[in-house]
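Enquirer: Okay, so here is data_34.cif, and as you'll see once you scroll down, it has mmCIF, C-alpha atoms and all ligand atoms.
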data_target
loop_
_atom_site.label_atom_id
_atom_site.label_comp_id
_atom_site.auth_asym_id
_atom_site.auth_seq_id
_atom_site.Cartn_x
_atom_site.Cartn_y
_atom_site.Cartn_z
CA MET A 1 0.00 0.00 0.00
CA ASN A 2 1.22 3.52 -0.84
CA LEU A 3 0.23 6.41 1.37
CA ILE A 4 -0.87 9.52 -0.54
CA ASP A 5 0.80 12.33 1.39
CA GLY A 6 -1.54 15.29 0.95
CA LYS A 7 0.35 17.37 3.48
CA LYS A 8 3.59 17.08 1.48
CA ILE A 9 1.92 17.78 -1.87
CA SER A 10 -0.01 20.70 -0.39
CA LEU A 11 3.22 22.27 0.91
CA GLN A 12 4.86 21.77 -2.52
CA LEU A 13 1.93 23.51 -4.19
CA GLN A 14 2.07 26.31 -1.62
CA ASP A 15 5.81 26.76 -2.29
CA GLU A 16 5.07 27.12 -6.01
CA ILE A 17 2.35 29.67 -5.23
CA ALA A 18 4.68 31.61 -2.90
CA LYS A 19 7.28 31.79 -5.70
CA GLU A 20 4.69 33.19 -8.10
CA VAL A 21 3.60 35.76 -5.53
CA LYS A 22 7.21 36.96 -5.17
CA GLN A 23 7.42 37.18 -8.96
CA LEU A 24 4.18 39.21 -9.19
CA ILE A 25 5.39 41.62 -6.53
CA SER A 26 8.79 42.01 -8.17
CA GLU A 27 6.91 43.01 -11.34
CA GLY A 28 5.16 45.76 -9.34
CA LYS A 29 1.80 43.96 -9.26
CA LYS A 30 -0.38 43.95 -6.16
CA GLN A 31 -0.34 41.26 -3.46
CA PRO A 32 -3.09 38.63 -4.05
CA HIS A 33 -5.88 39.10 -1.50
CA LEU A 34 -8.32 36.47 -0.18
CA ALA A 35 -11.20 37.31 2.16
CA ALA A 36 -13.08 34.76 4.26
CA VAL A 37 -16.51 35.27 5.81
CA LEU A 38 -17.49 33.21 8.85
CA VAL A 39 -20.97 33.22 10.40
CA GLY A 40 -21.33 31.93 13.97
CA SER A 41 -18.77 29.96 15.93
CA ASP A 42 -19.00 26.32 14.81
CA GLY A 43 -15.75 24.69 15.99
CA GLY A 44 -15.03 22.95 12.67
CA SER A 45 -15.66 26.06 10.57
CA GLU A 46 -13.50 28.19 12.93
CA THR A 47 -10.62 25.73 12.50
CA TYR A 48 -10.94 25.61 8.70
CA VAL A 49 -11.13 29.39 8.29
CA ALA A 50 -8.17 29.91 10.66
CA ALA A 51 -6.17 27.40 8.58
CA LYS A 52 -7.08 29.22 5.35
CA ILE A 53 -5.97 32.59 6.79
CA LYS A 54 -2.72 31.08 8.08
CA ALA A 55 -2.02 29.55 4.67
CA CYS A 56 -2.46 33.00 3.08
CA GLU A 57 0.33 34.33 5.30
CA ARG A 58 2.54 31.38 4.35
CA VAL A 59 2.34 32.09 0.61
CA GLY A 60 2.48 35.89 0.92
CA PHE A 61 -1.20 36.69 0.25
CA LYS A 62 -3.05 39.45 2.01
CA SER A 63 -6.09 38.13 3.89
CA THR A 64 -9.20 39.62 5.43
CA PHE A 65 -11.38 37.82 7.93
CA VAL A 66 -15.00 39.01 8.23
CA ARG A 67 -16.89 37.55 11.16
CA HIS A 68 -20.64 37.73 11.82
CA PRO A 69 -22.59 36.40 14.80
CA GLU A 70 -24.85 33.34 14.38
CA HIS A 71 -27.97 35.56 14.38
CA VAL A 72 -26.79 37.89 11.57
CA THR A 73 -29.60 38.68 9.12
CA GLU A 74 -29.52 37.50 5.51
CA GLU A 75 -29.61 41.18 4.42
CA LYS A 76 -26.55 42.03 6.47
CA LEU A 77 -24.64 39.03 5.13
CA LEU A 78 -25.65 39.98 1.58
CA LEU A 79 -24.31 43.47 2.26
CA THR A 80 -20.92 41.96 3.20
CA VAL A 81 -20.94 39.96 -0.05
CA HIS A 82 -21.74 43.10 -2.09
CA GLU A 83 -18.97 45.03 -0.32
CA LEU A 84 -16.41 42.32 -1.08
CA ASN A 85 -17.63 42.13 -4.70
CA ALA A 86 -17.08 45.88 -5.04
CA ASP A 87 -13.72 46.04 -3.26
CA PRO A 88 -11.07 46.26 -6.01
CA ASP A 89 -8.34 45.10 -3.64
CA VAL A 90 -10.08 41.74 -2.91
CA ASP A 91 -9.28 39.20 -5.64
CA GLY A 92 -11.43 36.41 -4.28
CA PHE A 93 -13.47 35.49 -1.23
CA ILE A 94 -15.30 32.60 0.39
CA VAL A 95 -18.31 32.34 2.66
CA GLN A 96 -17.64 29.37 4.93
CA LEU A 97 -20.40 26.75 4.90
CA PRO A 98 -22.62 25.60 6.47
CA LEU A 99 -24.61 28.76 7.16
CA PRO A 100 -27.27 29.00 9.90
CA ARG A 101 -30.69 27.68 8.86
CA HIS A 102 -32.35 31.11 8.71
CA ILE A 103 -30.03 32.13 5.86
CA ASN A 104 -30.69 30.99 2.29
CA GLU A 105 -27.34 29.54 1.28
CA HIS A 106 -28.08 29.64 -2.47
CA LYS A 107 -29.02 33.30 -2.29
CA ILE A 108 -25.69 34.12 -0.65
CA LEU A 109 -23.59 31.98 -3.01
CA GLU A 110 -25.35 33.40 -6.07
CA ALA A 111 -24.60 36.93 -4.87
CA VAL A 112 -20.84 36.31 -5.06
CA LEU A 113 -19.36 37.62 -8.32
CA PRO A 114 -18.35 34.54 -10.37
CA SER A 115 -14.96 36.18 -11.02
CA LYS A 116 -14.31 36.33 -7.24
CA ASP A 117 -15.90 32.96 -6.41
CA VAL A 118 -12.66 31.13 -5.60
CA ASP A 119 -14.67 28.35 -3.91
CA GLY A 120 -16.24 27.56 -7.31
CA PHE A 121 -19.72 27.32 -5.76
CA HIS A 122 -21.55 29.88 -7.95
CA PRO A 123 -23.89 28.26 -10.54
CA ILE A 124 -21.88 30.01 -13.30
CA ASN A 125 -18.67 28.31 -12.18
CA VAL A 126 -20.40 24.96 -11.68
CA GLY A 127 -21.96 25.24 -15.16
CA ARG A 128 -18.66 26.22 -16.74
CA MET A 129 -16.97 23.28 -15.03
CA VAL A 130 -19.57 20.91 -16.53
CA LEU A 131 -19.05 22.44 -19.99
CA ASN A 132 -15.23 22.31 -19.80
CA LEU A 133 -14.95 26.10 -19.90
CA PRO A 134 -12.43 28.11 -17.87
CA CYS A 135 -13.75 28.31 -14.27
CA TYR A 136 -12.87 27.96 -10.62
CA VAL A 137 -13.20 24.29 -9.67
CA SER A 138 -14.21 23.86 -6.04
CA ALA A 139 -11.25 23.31 -3.78
CA THR A 140 -11.69 19.74 -2.53
CA PRO A 141 -12.32 18.11 -5.96
CA TYR A 142 -9.51 20.21 -7.44
CA GLY A 143 -7.20 19.00 -4.66
CA ILE A 144 -8.12 15.35 -5.26
CA VAL A 145 -7.44 15.66 -9.01
CA HIS A 146 -4.06 17.22 -8.18
CA LEU A 147 -3.20 14.30 -5.86
CA LEU A 148 -4.15 11.69 -8.47
CA ARG A 149 -2.00 13.51 -11.01
CA LYS A 150 1.00 13.80 -8.67
CA TYR A 151 0.90 10.09 -7.84
CA GLU A 152 0.50 9.28 -11.56
CA ILE A 153 -2.62 7.24 -10.94
CA GLU A 154 -4.13 5.95 -14.18
CA THR A 155 -7.77 6.97 -14.51
CA SER A 156 -8.59 6.36 -18.17
CA GLY A 157 -11.04 3.48 -18.58
CA LYS A 158 -11.14 2.80 -14.83
CA HIS A 159 -14.29 2.43 -12.78
CA CYS A 160 -14.51 5.31 -10.29
CA VAL A 161 -17.15 5.03 -7.56
CA VAL A 162 -17.96 8.24 -5.69
CA VAL A 163 -19.90 7.78 -2.46
CA GLY A 164 -21.78 10.96 -1.49
CA ARG A 165 -23.48 13.50 -3.76
CA SER A 166 -22.87 16.83 -1.98
CA HIS A 167 -22.58 20.00 -4.07
CA ILE A 168 -19.16 20.63 -2.53
CA VAL A 169 -17.49 17.27 -3.20
CA GLY A 170 -19.38 14.22 -4.49
CA SER A 171 -21.29 15.80 -7.33
CA PRO A 172 -18.41 17.85 -8.89
CA MET A 173 -16.01 14.94 -8.30
CA SER A 174 -18.21 12.59 -10.33
CA ILE A 175 -18.27 15.11 -13.21
CA LEU A 176 -14.49 15.70 -13.18
CA MET A 177 -13.66 11.99 -13.18
CA ALA A 178 -15.88 11.34 -16.20
CA LYS A 179 -14.51 14.22 -18.32
CA ASN A 180 -12.73 13.62 -21.57
CA THR A 181 -9.48 15.11 -20.21
CA ALA A 182 -6.03 13.74 -19.35
CA LEU A 183 -7.15 13.14 -15.79
CA GLY A 184 -10.61 11.72 -16.24
CA ASN A 185 -12.08 9.30 -18.74
CA CYS A 186 -13.34 7.12 -15.91
CA THR A 187 -16.59 5.23 -15.97
CA VAL A 188 -18.25 6.83 -12.96
CA THR A 189 -20.87 5.52 -10.55
CA LEU A 190 -22.27 8.05 -8.07
CA CYS A 191 -23.66 6.39 -4.94
CA HIS A 192 -25.64 8.08 -2.19
CA SER A 193 -27.85 7.49 0.83
CA LYS A 194 -30.61 5.86 -1.27
CA THR A 195 -28.27 3.48 -3.15
CA GLU A 196 -29.34 -0.12 -2.63
CA ASN A 197 -26.61 -2.66 -1.92
CA LEU A 198 -23.83 -0.06 -1.82
CA LYS A 199 -21.18 -2.72 -1.35
CA SER A 200 -21.95 -4.26 -4.75
CA TYR A 201 -20.76 -0.96 -6.33
CA THR A 202 -17.84 -0.08 -4.03
CA LYS A 203 -16.38 -3.58 -4.47
CA THR A 204 -16.02 -3.01 -8.21
CA ALA A 205 -14.27 0.38 -7.87
CA ASP A 206 -10.75 0.81 -9.21
CA ILE A 207 -10.87 4.29 -7.66
CA LEU A 208 -13.11 4.77 -4.63
CA ILE A 209 -13.81 8.32 -3.47
CA CYS A 210 -15.66 8.51 -0.16
CA ALA A 211 -17.32 11.76 0.84
CA LEU A 212 -20.11 10.84 3.23
CA GLY A 213 -19.10 12.21 6.62
CA SER A 214 -19.70 8.88 8.41
CA PRO A 215 -16.62 7.81 10.36
CA ASP A 216 -15.25 4.32 9.55
CA PHE A 217 -18.19 3.59 7.21
CA ILE A 218 -16.11 1.93 4.46
CA THR A 219 -14.77 -1.40 5.65
CA ALA A 220 -12.30 -3.79 3.97
CA ASP A 221 -15.04 -6.11 2.68
CA MET A 222 -16.42 -3.15 0.64
CA VAL A 223 -13.15 -2.52 -1.21
CA LYS A 224 -11.56 -4.30 -4.17
CA GLU A 225 -8.02 -5.65 -3.79
CA GLY A 226 -5.57 -3.07 -5.23
CA ALA A 227 -8.09 -0.17 -5.38
CA VAL A 228 -7.10 3.49 -5.00
CA VAL A 229 -9.01 4.87 -1.99
CA ILE A 230 -9.57 8.60 -1.47
CA ASP A 231 -11.06 9.47 1.92
CA VAL A 232 -12.70 12.90 2.04
CA GLY A 233 -14.38 12.42 5.44
CA THR A 234 -13.31 14.72 8.27
CA THR A 235 -15.72 14.14 11.14
CA ARG A 236 -14.73 15.48 14.55
CA VAL A 237 -15.01 12.80 17.22
CA ALA A 238 -14.30 13.10 20.94
CA SER A 239 -10.83 11.86 21.90
CA LEU A 240 -9.12 11.76 25.28
CA ASP A 241 -5.71 11.41 23.56
CA SER A 242 -5.83 14.83 21.99
CA LYS A 243 -5.16 18.24 23.59
CA THR A 244 -8.18 19.69 21.82
CA GLY A 245 -10.48 16.92 23.10
CA PHE A 246 -11.32 15.70 19.59
CA LYS A 247 -9.71 14.15 16.54
CA LEU A 248 -10.62 13.96 12.86
CA LYS A 249 -11.94 10.68 11.53
CA GLY A 250 -12.29 9.67 7.92
CA ASP A 251 -15.06 7.71 6.22
CA VAL A 252 -12.70 4.77 5.67
CA LYS A 253 -11.65 2.22 8.30
CA PHE A 254 -8.00 2.93 7.61
CA ASP A 255 -6.34 0.04 9.46
CA GLU A 256 -8.16 -2.69 7.55
CA VAL A 257 -8.71 -0.97 4.17
CA SER A 258 -5.04 0.08 3.91
CA GLN A 259 -4.07 -3.63 3.98
CA LYS A 260 -6.00 -4.20 0.78
CA CYS A 261 -5.63 -1.15 -1.45
CA SER A 262 -2.80 0.12 -3.68
CA PHE A 263 -3.05 3.80 -2.63
CA ILE A 264 -4.89 5.51 0.22
CA THR A 265 -5.21 9.02 1.65
CA PRO A 266 -4.92 9.23 5.45
CA VAL A 267 -7.11 11.41 7.69
CA PRO A 268 -5.74 13.80 8.73
CA GLY A 269 -2.98 14.63 6.22
CA GLY A 270 -4.63 13.46 2.99
CA VAL A 271 -7.32 15.42 1.17
CA GLY A 272 -7.75 18.12 3.87
CA PRO A 273 -4.47 20.00 3.28
CA MET A 274 -5.09 19.88 -0.49
CA THR A 275 -8.37 21.78 -0.09
CA ILE A 276 -6.47 24.74 1.33
CA ALA A 277 -3.73 24.64 -1.31
CA SER A 278 -6.39 24.54 -4.07
CA LEU A 279 -8.17 27.55 -2.62
CA LEU A 280 -4.87 29.46 -2.67
CA LYS A 281 -4.31 28.36 -6.27
CA ASN A 282 -7.76 29.64 -7.27
CA THR A 283 -7.03 32.93 -5.52
CA LEU A 284 -3.76 33.26 -7.44
CA LEU A 285 -5.67 32.62 -10.69
CA ALA A 286 -8.15 35.33 -9.62
CA ALA A 287 -5.34 37.81 -8.87
CA LYS A 288 -3.78 37.10 -12.28
CA LYS A 289 -7.23 37.36 -13.93
CA GLU A 290 -6.57 34.07 -15.70
CA ILE A 291 -10.13 32.72 -15.63
CA TYR A 292 -12.20 35.89 -16.04
CA LYS A 293 -10.13 38.37 -18.05
N1 LIG A 301 -17.40 23.94 4.19
C1 LIG A 301 -16.85 22.72 3.98
N2 LIG A 301 -15.98 22.76 2.93
C2 LIG A 301 -16.00 24.04 2.49
C3 LIG A 301 -15.33 24.69 1.42
O1 LIG A 301 -14.53 24.12 0.65
N3 LIG A 301 -15.64 26.01 1.26
C4 LIG A 301 -16.52 26.66 2.07
N4 LIG A 301 -16.76 27.96 1.83
N5 LIG A 301 -17.17 26.07 3.06
C5 LIG A 301 -16.91 24.76 3.26
#
Can you present the structure in this file as structure tokens?

Expert:
Amino acid sequence: MNLIDGKKISLQLQDEIAKEVKQLISEGKKQPHLAAVLVGSDGGSETYVAAKIKACERVGFKSTFVRHPEHVTEEKLLLTVHELNADPDVDGFIVQLPLPRHINEHKILEAVLPSKDVDGFHPINVGRMVLNLPCYVSATPYGIVHLLRKYEIETSGKHCVVVGRSHIVGSPMSILMAKNTALGNCTVTLCHSKTENLKSYTKTADILICALGSPDFITADMVKEGAVVIDVGTTRVASLDSKTGFKLKGDVKFDEVSQKCSFITPVPGGVGPMTIASLLKNTLLAAKKEIYK
């Protein structure tokens, strides 16, 4: 079994981004600038946004953190989005999900200018991704594609099974893997909570991408010998061994599945760090106006 080291690849990608930032600045261009909006104080979201801001510092980006309380109105949040859209210094921004139930998530995401939507969540970017047009691809699927490419994993003609159909991961992942591009050309099966006899599909996967959010859900008997297993799950579970009182758990029962597969991403240290590196990459593309001229 080969471990796919997302942390290492993420740092490599960040080093490349940092070099480009230095180059831009030496040419007299402005520092790339990412803004992040956080509503409420969900522990997971706080951690992710803090990691994104820290990564900005590492690569030499400017960052802005906009925080709203849990009870912020939809109007006030929309105002923040409009202000960031209009701010010429901000190249790209994200609104961390999930949002509180009283806020219409689609309304907020659709208010973000597609040219600043470095999360790739706006319907224009999703549509352009489907049509193979220049766009921001959402960070987690983009990170997974980068990992597969770095580890030279053959995808053409392979059966890729994606478990989970979220807008953020499962759904875009299934589209990317089926594309007629160098990394793609898979035959894709998208499984979800209503799939009957899930194991009959996962067992035939050459590439298994799990994005359910159910710790240890995928067991060895569900995986084909020699499969490539990508674990997107990051559920926080209580842990007495950790200073923080919790640890991150993937969707895959690592100890037993790793005995059987050819490649596997660990949790933590697999897909998670790639999500951040991909967001930085999208922000660099935004600063260079490479997608929307
Ligand atoms: N919540 C979970 N993943 C993400 C992500 O990639 N972007 C945003 N904005 N929110 C998330």

Enquirer: For range 68-72 of chain A, work out the shell of residues within 10 Å, counting only C-alpha atoms and skipping chain neighbours fewer than 4 positions away, then give it as a PyMOL selection string.

Expert: chain A and resi 37-42+76-77+80+99-103

Enquirer: Mind listing the residues within 6 Å of ligand LIG 301 (chain A), only C-alpha atoms and all ligand atoms counted, as a list in words?

Expert: Ile94, Val95, Gln96, Leu97, Pro98, Asp119 and Ala139 of chain A

Enquirer: Do a neighbour search on Glu20 in chain A at 10 Å with only C-alpha atoms, toss out local chain neighbours closer than 5 positions, and write the hits as a list in words.

Expert: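 So, after excluding close chain neighbours, the residues are Gln14, Asp15, Ile25, Ser26, Val59, Gly60 and Leu284 of chain A.
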
Enquirer: By how many Å are CA of Asp117 in chain A and CA of Thr275 in chain A apart?

Expert: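 About the pair CA of Asp117 in chain A and CA of Thr275 in chain A: they are 14.9 Å apart.
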
Enquirer: Rank nothing, just name the residue among A:Pro134, A:Gly44, A:Gly270, A:Pro172 nearest to Ser10 in chain A, using all atoms listed in the file.

Expert: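 Of the candidates, the smallest distance to Ser10 in chain A is held by A:Gly270.
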
Enquirer: Give me, please, the distance in Å between CA of Val271 in chain A and CA of Asp231 in chain A, quoted to one decimal.

Expert: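 Separating CA of Val271 in chain A from CA of Asp231 in chain A is a distance of 7.1 Å.
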
Enquirer: List every protein, DNA or RNA residue with an atom no more than 8 Å from (-8.4, 31.2, -4.8) in the file's coordinates, counting all atoms listed in the file, and format the result as a list in words.

Expert: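 Checking each residue against the 8 Å limit leaves Leu34, Gly92, Phe93, Asp117, Val118, Asp119, Ser278, Leu279, Leu280, Lys281, Asn282, Thr283, Leu284, Leu285 and Ala286 of chain A.
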
Enquirer: Please, what distance in Å, to one decimal, runs between CA of Ile53 in chain A and CA of Glu16 in chain A?

Expert: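 Distance between the two atoms: 17.8 Å.
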
Enquirer: Might you pull out every residue within 7 Å of Asp216 in chain A, with all atoms listed in the file counted and same-chain residues fewer than 2 positions away left off, and present them as JSON, numbers by chain?

Expert: {"A": [214, 218, 219, 250, 251, 252, 253]}

Enquirer: For the point (-10.3, 11.2, -15.1) in file coordinates, what residues are within 10 Å, counting all atoms listed in the file? Give the answer as a ChimeraX atom specification?

Expert: /A:145,148-149,153-160,173-188

Enquirer: Between A:Leu113, A:Leu240, A:Leu198, A:Cys56, which residue has the minimum interatomic distance to Glu83 in chain A, considering all atoms listed in the file?

Expert: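 Smallest separation from Glu83 in chain A among the options: A:Leu113.
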
Enquirer: For Val21 in chain A, which residue among A:Ala55, A:Ala287, A:Ala205, A:Ile108 is the nearest when counting all atoms listed in the file?

Expert: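 Residue with the minimum atom-to-atom distance to Val21 in chain A: A:Ala287.
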
Enquirer: Taking only C-alpha atoms into account, name the residue in A:Thr265, A:Ser166, A:Asn125, A:Ser200 that is nearest to Ile230 in chain A.

Expert: A:Thr265

Enquirer: For range 31-37 of chain A, I'd like the enclosing box, axis-aligned and padded by 6 Å on every side, reported as AutoDock Vina command-line options with centre and edge lengths in Å to one decimal.

Expert:
--center_x -8.4 --center_y 38.0 --center_z 0.9 --size_x 28.2 --size_y 18.5 --size_z 21.9

Enquirer: What's the 7 Å shell around Thr140 in chain A, counting only C-alpha atoms, without same-chain residues fewer than 3 positions away, as a list in words?

Expert: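 In the requested format, the answer is Gly143, Ile144, Val169, Met274 and Thr275 of chain A.
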
Enquirer: May I have the residues from that selection written out with C-alpha atoms, as an mmCIF file, keeping the file's coordinate frame?

Expert:
data_model
loop_
_atom_site.group_PDB
_atom_site.id
_atom_site.type_symbol
_atom_site.label_atom_id
_atom_site.label_comp_id
_atom_site.auth_asym_id
_atom_site.auth_seq_id
_atom_site.Cartn_x
_atom_site.Cartn_y
_atom_site.Cartn_z
ATOM 1 C CA GLY A 143 -7.200 19.000 -4.660
ATOM 2 C CA ILE A 144 -8.120 15.350 -5.260
ATOM 3 C CA VAL A 169 -17.490 17.270 -3.200
ATOM 4 C CA MET A 274 -5.090 19.880 -0.490
ATOM 5 C CA THR A 275 -8.370 21.780 -0.090
#

Enquirer: Measuring atom to atom with only C-alpha atoms, identify which of A:Pro266, A:Gly127, A:Gly170, A:Gly164 is nearest to Pro141 in chain A.

Expert: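 Of all the options, A:Gly170 lies closest to Pro141 in chain A.
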
Enquirer: For Leu147 in chain A, find every residue with an atom within 8 Å (counting only C-alpha atoms), except residues of its own chain fewer than 5 positions away, and show them as a VMD selection string.

Expert: chain A and resid 4 6 9 274
